[in-house]
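Working notes for the structure below.
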Amino acid sequence: MPRTAIDAMTRDTHSDSRDVSGGATAGHAAPLTANRGQRPLVDARDDAGREADPDNASRPGADAFLSMNDVRFTYAGSLHPVVEHIDMALPAGAIHCLLGRSGCGKSTLLKLAAGLLRPDVGTITVGGEPVREPDQATGFVFQSPTLLAWLDVLDNVLLPVSLHRKPGAQDIAEAKTLLGQLGLADLLHRFPHQLSGGQQSRVAIARALLPKPRLLLMDEPFAALDALTREALQDALLAVCASQGVSVLFVTHDIAEAVYLGDRVMVVEQGSLRCDIPVTVGRPRTSGVRHRADFNAVCMQLREVMEAGERAAGIGMIG
Ligand SMILES: Nc1ncnc2c1ncn2[C@@H]1O[C@H](COP(=O)(O)OP(=O)(O)OP(=O)(O)O)[C@@H](O)[C@H]1O
C-alpha cells in the first residue's frame, strides 16, 4: 500500500529509481548563486539587487527551506549523470521556477527533491531534514492530473488522507475549502471524466495541498491547457499558495509563466543550473502585469540566456 499520495501516483513512473530508503547526510545548503558547475551563472544578484557574494558556495543557505548542495544524479544503466553540480536554496514561502528545454533534467530535479530518486552525491534537505523518501511534507503535482477515475472530486482530494485512515469531518471541511478557493465548490461530486482539463488540474492541486505540505513540487501542471485557462490557473495557484504559505518549485517550458509565478527563475541547461534570475516584478501579480515593461524585461533577459546557451551548445534555437 502506498504511504503517500506521491507514492500512489508514481508507482508506475519511477520503477527505475534506486532504493531511497537510505539516508543522505545532512549538510549545509549553498545558495544557487554558487553553482559549482562549469557553466557560469549569468546573474548572481539577490532580490534586493545586491551583487552576489563570491564566497556564497561555502555559506549555509540560512533561510533555505529546500536546499540542494552539489547534487549529482545518474539513472541506472546510464553512463553520464543527468544532473550535476546542482546547488539551490529555496526560501520558505517562495516560488522558484525551473525553466529549460525538453530533456535538460527539470523533472529529475523535482523527483530528487521529492525523494523519489536519490542523488549519487550531494545533499538535499527540506525544512532542514535530509530527504530520504516521499513524505506528507512535500506535495507533487504532475503534468497529467492523475486523478482516480472511480473517485469523485471530493474523494480524489481526500486521497492523501484515505490512504491512511477514514477522512473525518475536518478533513472533508478542509477539502471543501480548498476546492472552493480553486473555484470547484459546485463540482464536488463529479467524476474525472466529467471535468475539463483545467478543472482536473485544479483537483490535482487541491489534492496536493490537502495534507498542508510545506513544499509543493509542480511538474508542468498547466502545459496541456489553452492559454486563457492556463492564466486563470496561474492566478488560482498564486492565491492558494499565498494563503497556505507553501514553498513551490515549479517546472515549466514557458518563460512568461515562469516570470508570472516566480520569485526567481532558474534556467536548467543540460543538467546544470545555468542562471538564477530574480523576478523584479512586484506582487500581487494580476493579468495586467503581463503587459508591463518590467515583466517583459525579465522575459527578454531569460530568453537571451536560453538562446545564448543553445548557441553555445550548438543546438536549435527556441522557436
Ligand atoms: N527513467 C529514466 N531512465 C533513464 N534516463 C532517463 C529516465 N528518465 C529521464 N531520463 C533522461 O534524463 C534526461 C532528463 O529527463 P527529465 O525528464 O528530467 O527532463 P525534463 O527537462 O523534465 O524534460 P521534459 O521537459 O521533456 O519533461 C533525459 O535525457 C531523459 O531521457
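Just so we're on the same page: first chain in the C-alpha cells is A, next is B, and so on; residues restart at 1 for each chain, and ligands are numbered from 1 in the order they show up.
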
Write out as a list of chain:residue names which residues come within 8 Å of Asn156 (chain A) when counting only C-alpha atoms, dropping same-chain ones fewer than 3 positions away.
A:Leu147, A:Leu148, A:Leu151, A:Asp152, A:Val153, A:Leu159, A:Val203, A:Arg207

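Identified as lying at most 7 Å from ligand 1 when counting only C-alpha atoms and all ligand atoms are the residues His14, Asp16, Tyr75, Ala76, Ser78, Val82, Gly100, Arg101, Ser102, Gly103, Cys104, Gly105, Lys106, Ser107, Thr108, Leu109 and His253 of chain A.
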
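Closest approach to Ser201 (chain A) from the set A:Pro145, A:Gly183, A:Pro91, A:Gly77 is made by A:Pro145, with distances taken over only C-alpha atoms.
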
Need to verify the contact set: Gln194 (chain A), 10 Å, only C-alpha atoms, exclusion of same-chain residues closer than 4 positions in sequence. Can you return it as number ranges by chain?
A: 149, 152-153, 187, 189-190, 199-200

Quick one: pull the distance between CA of Leu217 (chain A) and CA of Phe140 (chain A), Å, one decimal.
4.7 Å

Might you pull out every residue within 10 Å of Val121 (chain A), with only C-alpha atoms counted and same-chain residues fewer than 4 positions away left off, and present them as a PyMOL selection string?
chain A and resi 24+69-74+84-85

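A straight line drawn from CA of Met218 (chain A) to CA of Ile95 (chain A) is 10.6 Å long.
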
Quick one: contact table of region 139-241 of chain A to region 281-301 of chain A, 12 Å max, nearest atom pair and distance in Å to one decimal per residue, counting only C-alpha atoms, chain and number order, as a tab-separated table?
```
residue	atom	partner	partner_atom	distance
A:Leu228	CA	A:Ser287	CA	10.4
A:Arg230	CA	A:Ser287	CA	11.6
A:Glu231	CA	A:Ser287	CA	7.8
A:Ala232	CA	A:Ser287	CA	9.0
A:Leu233	CA	A:Ser287	CA	11.6
A:Gln234	CA	A:Thr286	CA	9.6
A:Asp235	CA	A:Thr286	CA	7.2
A:Ala236	CA	A:Thr286	CA	10.7
A:Leu237	CA	A:Arg285	CA	11.5
A:Leu238	CA	A:Arg285	CA	8.4
A:Ala239	CA	A:Pro284	CA	9.1
```

Output N, CA and C atoms for every residue in that selection, as a CSV table (one decimal), in the first residue's frame.
```csv
chain,number,residue,atom,x,y,z
A,228,LEU,N,-5.7,30.8,-22.0
A,228,LEU,CA,-6.6,31.5,-21.0
A,228,LEU,C,-6.8,30.7,-19.8
A,230,ARG,N,-4.9,28.4,-18.7
A,230,ARG,CA,-3.6,28.4,-18.0
A,230,ARG,C,-3.4,29.6,-17.2
A,231,GLU,N,-3.7,30.8,-17.7
A,231,GLU,CA,-3.6,32.0,-17.0
A,231,GLU,C,-4.5,32.1,-15.8
A,232,ALA,N,-5.7,31.6,-15.9
A,232,ALA,CA,-6.6,31.5,-14.8
A,232,ALA,C,-6.1,30.6,-13.7
A,233,LEU,N,-5.5,29.5,-14.1
A,233,LEU,CA,-4.9,28.6,-13.1
A,233,LEU,C,-3.7,29.1,-12.4
A,234,GLN,N,-2.9,29.9,-13.2
A,234,GLN,CA,-1.8,30.6,-12.5
A,234,GLN,C,-2.3,31.5,-11.4
A,235,ASP,N,-3.3,32.2,-11.7
A,235,ASP,CA,-3.9,33.1,-10.6
A,235,ASP,C,-4.4,32.3,-9.5
A,236,ALA,N,-5.1,31.2,-9.8
A,236,ALA,CA,-5.7,30.4,-8.7
A,236,ALA,C,-4.5,29.8,-7.8
A,237,LEU,N,-3.5,29.4,-8.5
A,237,LEU,CA,-2.3,28.9,-7.8
A,237,LEU,C,-1.6,29.9,-6.9
A,238,LEU,N,-1.4,31.1,-7.4
A,238,LEU,CA,-0.8,32.1,-6.6
A,238,LEU,C,-1.7,32.4,-5.4
A,239,ALA,N,-3.0,32.5,-5.6
A,239,ALA,CA,-3.8,32.8,-4.4
A,239,ALA,C,-3.8,31.8,-3.4
```

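Between CA of Gln143 (chain A) and CA of Ala204 (chain A) there is a distance of 9.8 Å.
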